[in-house]
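Asks: Coordinates in run13.cif, mmCIF, C-alpha atoms, are listed below.
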data_my_file
loop_
_atom_site.label_atom_id
_atom_site.label_comp_id
_atom_site.auth_asym_id
_atom_site.auth_seq_id
_atom_site.Cartn_x
_atom_site.Cartn_y
_atom_site.Cartn_z
CA MET A 1 -8.03 -70.26 1.88
CA THR A 2 -7.49 -70.00 -1.88
CA LYS A 3 -6.45 -72.93 -4.03
CA THR A 4 -2.83 -73.11 -5.19
CA ILE A 5 -2.69 -73.86 -8.91
CA ARG A 6 -0.13 -74.41 -11.64
CA VAL A 7 0.06 -71.75 -14.33
CA GLU A 8 -0.48 -74.29 -17.11
CA ASP A 9 -3.96 -74.95 -15.65
CA ILE A 10 -4.98 -71.30 -15.25
CA SER A 11 -7.66 -71.37 -17.97
CA ALA A 12 -9.78 -73.63 -15.75
CA TYR A 13 -9.99 -70.93 -13.05
CA ASP A 14 -11.25 -67.91 -14.98
CA GLY A 15 -12.99 -65.52 -12.57
CA GLN A 16 -11.73 -67.32 -9.46
CA GLU A 17 -9.24 -66.23 -6.82
CA VAL A 18 -6.19 -68.51 -6.76
CA THR A 19 -2.62 -68.64 -5.50
CA ILE A 20 0.52 -69.30 -7.54
CA LYS A 21 4.07 -69.85 -6.31
CA GLY A 22 6.96 -68.92 -8.54
CA TRP A 23 9.73 -66.56 -9.59
CA VAL A 24 9.78 -63.11 -11.16
CA TYR A 25 10.79 -63.44 -14.81
CA ASN A 26 10.25 -59.80 -15.78
CA ARG A 27 8.87 -56.60 -14.26
CA THR A 28 7.45 -53.47 -15.90
CA ARG A 29 6.04 -50.36 -14.20
CA LYS A 30 3.51 -47.97 -15.68
CA GLY A 31 2.50 -45.37 -13.09
CA LYS A 32 0.23 -47.01 -10.53
CA LEU A 33 0.50 -50.37 -12.28
CA VAL A 34 3.26 -52.98 -12.09
CA PHE A 35 3.21 -55.93 -14.48
CA LEU A 36 5.03 -59.02 -13.22
CA LEU A 37 5.67 -61.95 -15.54
CA ILE A 38 5.82 -64.91 -13.18
CA ARG A 39 7.08 -68.41 -13.99
CA ASP A 40 6.26 -71.42 -11.82
CA GLY A 41 7.88 -74.25 -13.78
CA SER A 42 4.67 -75.12 -15.62
CA GLY A 43 4.21 -71.82 -17.43
CA PHE A 44 4.47 -68.03 -17.45
CA VAL A 45 1.64 -65.68 -16.44
CA GLN A 46 1.25 -61.92 -16.18
CA CYS A 47 0.31 -60.67 -12.71
CA VAL A 48 -0.93 -57.09 -12.37
CA ALA A 49 -0.37 -55.01 -9.24
CA PHE A 50 -2.61 -51.91 -8.90
CA LYS A 51 -1.37 -49.49 -6.22
CA PRO A 52 -4.78 -48.44 -4.81
CA ASP A 53 -5.68 -52.12 -4.25
CA LEU A 54 -2.47 -53.01 -2.40
CA GLY A 55 -1.39 -49.98 -0.41
CA GLU A 56 1.80 -47.93 -0.53
CA GLU A 57 4.12 -50.30 1.37
CA LEU A 58 3.36 -53.52 -0.53
CA PHE A 59 3.27 -51.73 -3.87
CA GLU A 60 6.75 -50.26 -3.30
CA GLN A 61 8.07 -53.72 -2.40
CA ILE A 62 6.67 -55.05 -5.67
CA VAL A 63 8.25 -52.15 -7.57
CA ARG A 64 11.67 -53.18 -6.22
CA LEU A 65 11.36 -56.91 -6.98
CA THR A 66 14.34 -58.20 -8.93
CA GLN A 67 14.49 -60.88 -11.62
CA GLU A 68 14.26 -64.40 -10.09
CA SER A 69 12.88 -63.19 -6.75
CA ALA A 70 10.67 -65.92 -5.24
CA VAL A 71 7.07 -64.91 -4.53
CA ILE A 72 3.67 -66.29 -3.56
CA ILE A 73 0.85 -64.40 -5.26
CA THR A 74 -2.88 -64.51 -4.67
CA GLY A 75 -5.25 -62.88 -7.10
CA LYS A 76 -8.27 -63.13 -9.35
CA VAL A 77 -7.89 -64.83 -12.73
CA ARG A 78 -9.21 -62.86 -15.66
CA SER A 79 -9.29 -63.64 -19.34
CA ASP A 80 -7.47 -61.25 -21.66
CA GLU A 81 -6.23 -62.41 -25.04
CA ARG A 82 -3.58 -59.68 -24.96
CA SER A 83 -1.97 -61.04 -21.80
CA PRO A 84 1.52 -62.40 -22.47
CA GLY A 85 2.77 -65.68 -21.11
CA ILE A 86 2.73 -69.39 -21.80
CA PRO A 87 0.00 -70.49 -22.40
CA GLY A 88 -1.08 -66.82 -22.32
CA GLY A 89 -4.53 -65.27 -22.65
CA PHE A 90 -5.04 -64.99 -18.87
CA GLU A 91 -3.67 -62.76 -16.15
CA LEU A 92 -3.86 -62.48 -12.38
CA GLY A 93 -5.08 -59.33 -10.66
CA ILE A 94 -2.96 -59.29 -7.50
CA THR A 95 -4.79 -59.05 -4.17
CA HIS A 96 -1.87 -60.23 -2.03
CA LEU A 97 1.82 -60.90 -2.58
CA GLU A 98 4.27 -62.58 -0.20
CA ILE A 99 7.98 -62.17 -0.88
CA VAL A 100 9.81 -65.39 -0.09
CA GLN A 101 13.25 -64.22 -1.21
CA VAL A 102 14.56 -61.19 -3.10
CA ALA A 103 17.22 -62.21 -5.63
CA ALA A 104 20.51 -60.34 -5.86
CA ASP A 105 20.62 -57.43 -8.33
CA GLU A 106 23.54 -58.89 -10.25
CA TYR A 107 21.64 -61.92 -11.61
CA PRO A 108 23.85 -63.01 -14.55
CA MET A 109 21.22 -64.34 -16.99
CA ALA A 110 19.48 -61.06 -17.82
CA LEU A 111 16.70 -61.00 -20.42
CA LYS A 112 18.91 -60.31 -23.42
CA GLU A 113 20.95 -62.21 -25.99
CA HIS A 114 23.91 -64.12 -24.58
CA GLY A 115 26.85 -65.79 -26.26
CA VAL A 116 26.78 -69.57 -26.52
CA GLU A 117 29.82 -70.06 -24.28
CA PHE A 118 28.36 -67.83 -21.54
CA ALA A 119 24.98 -69.53 -21.81
CA LEU A 120 26.52 -73.00 -21.52
CA ASP A 121 28.67 -71.96 -18.56
CA ASN A 122 25.44 -70.85 -16.88
CA ARG A 123 23.27 -73.69 -18.17
CA HIS A 124 21.50 -74.09 -14.83
CA LEU A 125 20.24 -70.51 -15.23
CA TRP A 126 19.76 -70.63 -19.00
CA ILE A 127 17.09 -73.33 -18.70
CA ARG A 128 14.94 -70.80 -16.83
CA MET A 129 14.69 -68.70 -20.01
CA GLN A 130 11.51 -69.22 -22.01
CA SER A 131 13.18 -70.73 -25.08
CA GLN A 132 15.23 -73.35 -23.23
CA TRP A 133 12.36 -74.13 -20.86
CA ALA A 134 10.01 -74.68 -23.81
CA ILE A 135 12.49 -76.92 -25.63
CA LEU A 136 12.99 -79.15 -22.59
CA ARG A 137 9.23 -79.40 -21.97
CA ILE A 138 8.73 -80.51 -25.58
CA ARG A 139 11.60 -82.99 -25.24
CA ALA A 140 10.02 -84.52 -22.13
CA THR A 141 6.71 -84.98 -23.95
CA ILE A 142 8.48 -86.60 -26.92
CA ILE A 143 10.09 -89.10 -24.53
CA GLU A 144 6.72 -89.84 -22.90
CA ALA A 145 5.11 -90.36 -26.32
CA ILE A 146 7.91 -92.71 -27.42
CA HIS A 147 7.47 -94.96 -24.40
CA GLU A 148 3.68 -94.72 -24.67
CA TRP A 149 3.37 -95.84 -28.30
CA LEU A 150 5.98 -98.59 -28.10
CA GLY A 151 4.48 -99.96 -24.87
CA GLN A 152 0.98 -99.96 -26.34
CA ASN A 153 2.16 -101.82 -29.44
CA GLY A 154 3.88 -104.79 -27.86
CA PHE A 155 7.45 -103.50 -27.56
CA ILE A 156 9.27 -104.39 -24.32
CA HIS A 157 11.69 -101.80 -22.94
CA MET A 158 15.20 -103.21 -22.49
CA ASP A 159 17.98 -101.39 -20.63
CA THR A 160 21.05 -102.31 -22.68
CA PRO A 161 24.54 -101.74 -21.19
CA ILE A 162 26.21 -98.34 -21.41
CA LEU A 163 29.67 -99.89 -20.96
CA THR A 164 30.26 -102.43 -23.73
CA PRO A 165 33.15 -104.69 -24.79
CA ALA A 166 33.02 -103.98 -28.52
CA ALA A 167 32.14 -101.47 -31.23
CA CYS A 168 28.74 -101.42 -32.88
CA GLU A 169 28.98 -98.54 -35.37
CA GLY A 170 32.71 -98.41 -36.12
CA THR A 171 35.90 -98.32 -34.07
CA THR A 172 36.96 -94.77 -35.01
CA THR A 173 34.29 -93.12 -32.81
CA LEU A 174 34.64 -95.16 -29.62
CA PHE A 175 35.07 -93.61 -26.18
CA GLU A 176 37.29 -96.02 -24.26
CA THR A 177 37.91 -96.44 -20.53
CA PRO A 178 40.04 -98.88 -18.49
CA TYR A 179 37.92 -101.73 -17.10
CA PHE A 180 39.75 -102.88 -13.96
CA ASP A 181 42.34 -105.52 -14.95
CA GLU A 182 40.31 -106.86 -17.87
CA GLY A 183 41.42 -104.41 -20.53
CA LEU A 184 39.22 -101.71 -22.07
CA ALA A 185 35.50 -101.06 -22.14
CA TYR A 186 33.68 -98.60 -24.39
CA LEU A 187 30.77 -96.20 -24.03
CA ALA A 188 27.86 -97.61 -26.00
CA GLN A 189 27.34 -96.44 -29.58
CA SER A 190 24.08 -98.39 -29.78
CA GLY A 191 22.07 -101.07 -28.02
CA GLN A 192 21.41 -102.77 -31.36
CA LEU A 193 23.57 -105.84 -30.84
CA TYR A 194 21.88 -106.67 -27.54
CA ASN A 195 18.36 -106.13 -28.85
CA GLU A 196 18.98 -108.21 -31.95
CA ALA A 197 19.46 -111.05 -29.46
CA ASN A 198 16.56 -109.95 -27.22
CA ILE A 199 13.95 -110.22 -30.00
CA TYR A 200 14.34 -114.01 -29.92
CA ALA A 201 13.04 -113.94 -26.35
CA PHE A 202 10.42 -111.19 -26.58
CA GLY A 203 9.59 -110.68 -30.26
CA ARG A 204 9.42 -106.89 -30.03
CA VAL A 205 11.86 -104.84 -27.92
CA TYR A 206 13.39 -101.39 -27.76
CA CYS A 207 16.11 -99.56 -25.90
CA PHE A 208 16.19 -95.84 -25.22
CA GLY A 209 19.12 -94.14 -23.57
CA PRO A 210 22.36 -92.21 -23.91
CA THR A 211 24.55 -92.96 -26.90
CA PHE A 212 28.13 -91.82 -27.46
CA ARG A 213 30.32 -90.94 -30.45
CA ALA A 214 33.93 -89.78 -30.06
CA GLU A 215 33.59 -87.18 -32.82
CA LYS A 216 35.33 -83.93 -31.88
CA SER A 217 33.14 -81.76 -34.05
CA LYS A 218 30.90 -78.79 -33.39
CA THR A 219 28.27 -79.01 -36.10
CA ARG A 220 24.54 -79.65 -36.33
CA ARG A 221 25.37 -83.14 -37.61
CA HIS A 222 27.74 -84.25 -34.86
CA LEU A 223 27.12 -84.86 -31.16
CA THR A 224 29.39 -86.64 -28.72
CA GLU A 225 26.37 -87.65 -26.60
CA PHE A 226 22.69 -87.97 -27.47
CA TRP A 227 19.66 -90.09 -26.64
CA MET A 228 18.52 -92.65 -29.20
CA VAL A 229 15.49 -94.93 -29.39
CA GLU A 230 16.05 -98.28 -31.14
CA PRO A 231 13.11 -100.64 -31.69
CA GLU A 232 13.77 -104.16 -32.97
CA ALA A 233 11.12 -106.65 -34.12
CA ALA A 234 11.18 -110.29 -35.23
CA PHE A 235 9.26 -111.48 -38.32
CA CYS A 236 8.95 -107.91 -39.62
CA ASP A 237 9.13 -107.23 -43.36
CA LEU A 238 9.71 -103.85 -45.01
CA ALA A 239 6.01 -103.05 -45.47
CA GLU A 240 5.25 -103.69 -41.79
CA LEU A 241 8.34 -101.74 -40.75
CA MET A 242 7.21 -98.68 -42.72
CA GLU A 243 3.77 -98.88 -41.13
CA ILE A 244 5.34 -99.08 -37.66
CA GLU A 245 7.50 -96.07 -38.43
CA GLU A 246 4.68 -93.86 -39.71
CA GLN A 247 2.35 -94.75 -36.82
CA PHE A 248 5.18 -94.18 -34.33
CA VAL A 249 6.18 -90.77 -35.71
CA SER A 250 2.56 -89.64 -36.11
CA HIS A 251 1.78 -90.51 -32.50
CA ILE A 252 4.73 -88.51 -31.20
CA VAL A 253 3.78 -85.45 -33.27
CA LYS A 254 0.14 -85.72 -32.21
CA ARG A 255 1.08 -85.85 -28.52
CA VAL A 256 3.37 -82.83 -28.82
CA LEU A 257 0.68 -80.82 -30.62
CA GLN A 258 -1.86 -81.87 -28.00
CA ASP A 259 0.24 -81.14 -24.91
CA ARG A 260 2.89 -78.63 -26.00
CA ARG A 261 1.24 -76.37 -28.57
CA ALA A 262 1.88 -73.27 -26.43
CA GLU A 263 5.58 -74.11 -26.13
CA LEU A 264 5.86 -74.62 -29.90
CA GLU A 265 4.19 -71.27 -30.51
CA ALA A 266 6.53 -69.59 -28.01
CA LEU A 267 9.46 -70.93 -30.04
CA GLY A 268 7.95 -69.54 -33.25
CA ARG A 269 7.48 -72.95 -34.84
CA ASP A 270 5.21 -73.39 -37.86
CA ILE A 271 2.61 -75.69 -36.32
CA SER A 272 0.76 -76.09 -39.62
CA VAL A 273 3.63 -78.23 -40.91
CA LEU A 274 3.37 -80.58 -37.93
CA GLU A 275 -0.41 -80.81 -38.32
CA LYS A 276 0.14 -82.33 -41.77
CA ILE A 277 2.09 -85.27 -40.35
CA VAL A 278 -0.63 -87.92 -40.42
CA PRO A 279 -0.59 -91.46 -41.84
CA PRO A 280 -0.40 -92.86 -44.40
CA PHE A 281 2.89 -91.33 -45.56
CA PRO A 282 3.78 -91.22 -49.27
CA ARG A 283 5.98 -94.13 -50.28
CA ILE A 284 8.71 -94.28 -52.90
CA SER A 285 11.01 -97.08 -53.94
CA TYR A 286 14.75 -97.17 -53.33
CA ASP A 287 15.39 -96.60 -57.05
CA GLU A 288 13.14 -93.52 -57.03
CA ALA A 289 14.91 -92.11 -53.96
CA ALA A 290 18.31 -92.71 -55.57
CA GLN A 291 17.17 -90.92 -58.72
CA MET A 292 15.90 -87.93 -56.71
CA LEU A 293 19.25 -87.63 -54.90
CA GLN A 294 21.10 -87.78 -58.19
CA GLU A 295 18.96 -85.00 -59.62
CA LEU A 296 19.57 -82.84 -56.53
CA TYR A 297 23.29 -83.50 -56.86
CA ASP A 298 23.27 -82.45 -60.51
CA GLN A 299 21.36 -79.23 -59.69
CA ALA A 300 23.47 -78.20 -56.70
CA GLU A 301 26.03 -75.46 -57.30
CA ASP A 302 27.55 -75.11 -53.82
CA PRO A 303 30.53 -77.54 -53.56
CA GLU A 304 29.90 -78.24 -49.84
CA GLN A 305 26.23 -79.04 -50.42
CA LYS A 306 27.17 -81.13 -53.45
CA GLU A 307 29.52 -83.23 -51.32
CA LEU A 308 26.82 -83.75 -48.65
CA ILE A 309 24.33 -85.23 -51.11
CA LYS A 310 26.84 -87.18 -53.20
CA PHE A 311 25.32 -90.63 -53.67
CA GLU A 312 25.79 -93.82 -55.63
CA TRP A 313 23.26 -96.62 -55.84
CA GLY A 314 23.88 -99.12 -53.02
CA MET A 315 26.37 -96.99 -51.08
CA ASP A 316 24.15 -96.85 -47.96
#
Represent the structure of the file as structure tokens.

Replies:
Amino acid sequence: MTKTIRVEDISAYDGQEVTIKGWVYNRTRKGKLVFLLIRDGSGFVQCVAFKPDLGEELFEQIVRLTQESAVIITGKVRSDERSPGIPGGFELGITHLEIVQVAADEYPMALKEHGVEFALDNRHLWIRMQSQWAILRIRATIIEAIHEWLGQNGFIHMDTPILTPAACEGTTTLFETPYFDEGLAYLAQSGQLYNEANIYAFGRVYCFGPTFRAEKSKTRRHLTEFWMVEPEAAFCDLAELMEIEEQFVSHIVKRVLQDRRAELEALGRDISVLEKIVPPFPRISYDEAAQMLQELYDQAEDPEQKELIKFEWGMD
């Protein structure tokens, strides 16, 4: 009996016969060859069906496989730098294929560009696409790295309330909800107020969870819901704070490069920029930063951009 593996681990099985379980992402036929791009949740791998090796009946079943059909494939792993996939560089020569379920022909999330509204209406299918899958894998690793670094550096994780009695960041962006017969409660804008009290018990704490802003805007700078990490530390001056920040950010970037390089490459990201994020970071004073912003403001010609970077000393 062959070993069942995850696609992300395929490089460790070069030359061996293995089994993968997954779904058909794409299918291409070239004469007696059919190329299946299979996804299993951990990655994407090309599986090659050669008609003389499989027989007429099985080969014709493979030819008719639709996108998202569920399959169990056994085959020999072989290295080929041309093979597509994530992580790529390896393919599976099919020796046996079991069809678990053939998906309907009218699968809505075909491999083409889709409008944002359609994609969001079919979000549960959209996350199967390579781009969305890669983004969410990277996000999960970022979250792991956040907890990892803070936990290793003396920060205690605190679950601050999501329903709160007061504003933290301003009353104009509060989501409110009736709270039984006690008036109104609000979706949390931040856990800051709670953790500013918690540091006197634990010294170093952080919260990490959903945060809400009642801003009815569709821009890259506005979100009604997002996740935010908020460390707080007692007896921490500005120099120590900057050191914490650079070590924290560097650790997250390092973990993502270590564990999610293939996903970054699939998204077309410039990894060389991320590789430069190592401590110590350059430091400038507040006055120098204010002067740089003023110079950018003076040089800007676009009125909208000019308004975005408008700045006066002390306004922050």

Asks: Mind telling me what the PyMOL selection byres ((chain A and resi 6) around 8) catches here, as a PyMOL selection string?

Replies: chain A and resi 4-5+7-10+20+40+42-43

Asks: Contacts of stretch 285-287 of chain A at 12 Å or less, counting all atoms listed in the file, minus same-chain residues fewer than 3 places along, as a ChimeraX atom specification?

Replies: /A:238-239,242,282,290-294,312-316

Asks: Could you list the residues chosen by the PyMOL selection byres ((chain A and resi 107) around 10) in this structure as a list in words?

Replies: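 Selected by the PyMOL selection byres ((chain A and resi 107) around 10) in this file: Thr66, Gln67, Glu68, Ala103, Ala104, Asp105, Glu106, Pro108, Met109, Ala110 and Leu125 of chain A.
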
Asks: Mind giving me the straight-line distance from atom CA of A:Ala12 to atom CA of A:Ile138 in Å, one decimal?

Replies: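 So the answer is 22.1 Å.
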
Asks: Pull out every residue that the PyMOL selection byres ((chain A and resi 228) around 7) matches in the shown coordinates and put them as a count of residues only.

Replies: 8

Asks: Considering all atoms listed in the file, return as a PyMOL selection string whatever protein or nucleic-acid residues lie within 6 Å of stretch 17-19 of chain A, sequence-local ones (same chain, fewer than 4 positions apart) excluded.

Replies: chain A and resi 2-4+73-76

Asks: Those same residues - C-alpha atoms - I'd like them written as a compact mmCIF listing (two decimals), keeping the file's coordinate frame.

Replies:
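Listed below is the output, selection.txt:
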# COMPACT_ATOMS: atom_id res chain seq x y z
CA THR A 2 -7.49 -70.00 -1.88
CA LYS A 3 -6.45 -72.93 -4.03
CA THR A 4 -2.83 -73.11 -5.19
CA ILE A 73 0.85 -64.40 -5.26
CA THR A 74 -2.88 -64.51 -4.67
CA GLY A 75 -5.25 -62.88 -7.10
CA LYS A 76 -8.27 -63.13 -9.35

Asks: Could you name the residues that touch A:Trp23 at 10 Å or less, counting only C-alpha atoms, but leaving out those on the same chain fewer than 3 positions away, as a PyMOL selection string?

Replies: chain A and resi 20+26+36-41+44+66-72+99-103+128

Asks: Emit the selected residues as a short mmCIF file (atom, residue, chain, number, x, y, z; two decimals), in the frame of the given file, including C-alpha atoms.

Replies:
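Okay, this is what ended up in selection-v4.cif:
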data_model
loop_
_atom_site.label_atom_id
_atom_site.label_comp_id
_atom_site.auth_asym_id
_atom_site.auth_seq_id
_atom_site.Cartn_x
_atom_site.Cartn_y
_atom_site.Cartn_z
CA ILE A 20 0.52 -69.30 -7.54
CA ASN A 26 10.25 -59.80 -15.78
CA LEU A 36 5.03 -59.02 -13.22
CA LEU A 37 5.67 -61.95 -15.54
CA ILE A 38 5.82 -64.91 -13.18
CA ARG A 39 7.08 -68.41 -13.99
CA ASP A 40 6.26 -71.42 -11.82
CA GLY A 41 7.88 -74.25 -13.78
CA PHE A 44 4.47 -68.03 -17.45
CA THR A 66 14.34 -58.20 -8.93
CA GLN A 67 14.49 -60.88 -11.62
CA GLU A 68 14.26 -64.40 -10.09
CA SER A 69 12.88 -63.19 -6.75
CA ALA A 70 10.67 -65.92 -5.24
CA VAL A 71 7.07 -64.91 -4.53
CA ILE A 72 3.67 -66.29 -3.56
CA ILE A 99 7.98 -62.17 -0.88
CA VAL A 100 9.81 -65.39 -0.09
CA GLN A 101 13.25 -64.22 -1.21
CA VAL A 102 14.56 -61.19 -3.10
CA ALA A 103 17.22 -62.21 -5.63
CA ARG A 128 14.94 -70.80 -16.83
#

Asks: At a cut-off of 9 Å, using all atoms listed in the file, what residues contact A:Thr141? Leave out same-chain residues fewer than 5 positions from it and give the result as a ChimeraX atom specification.

Replies: /A:136,146,252,255-256,259-260

Asks: Save the residues we just selected, C-alpha atoms, as a short mmCIF file (atom, residue, chain, number, x, y, z; two decimals), in the coordinates of the input?

Replies:
data_model
loop_
_atom_site.label_atom_id
_atom_site.label_comp_id
_atom_site.auth_asym_id
_atom_site.auth_seq_id
_atom_site.Cartn_x
_atom_site.Cartn_y
_atom_site.Cartn_z
CA LEU A 136 12.99 -79.15 -22.59
CA ILE A 146 7.91 -92.71 -27.42
CA ILE A 252 4.73 -88.51 -31.20
CA ARG A 255 1.08 -85.85 -28.52
CA VAL A 256 3.37 -82.83 -28.82
CA ASP A 259 0.24 -81.14 -24.91
CA ARG A 260 2.89 -78.63 -26.00
#

Asks: Enclose the full set of atoms of stretch 116-135 of chain A listed in the file within a box whose edges lie along x, y and z, apply 4 Å of padding to each of the six sides, and report centre and edge lengths in Å to one decimal as JSON.

Replies:
{"center_x": 19.9, "center_y": -72.4, "center_z": -20.7, "size_x": 27.8, "size_y": 17.1, "size_z": 19.7}
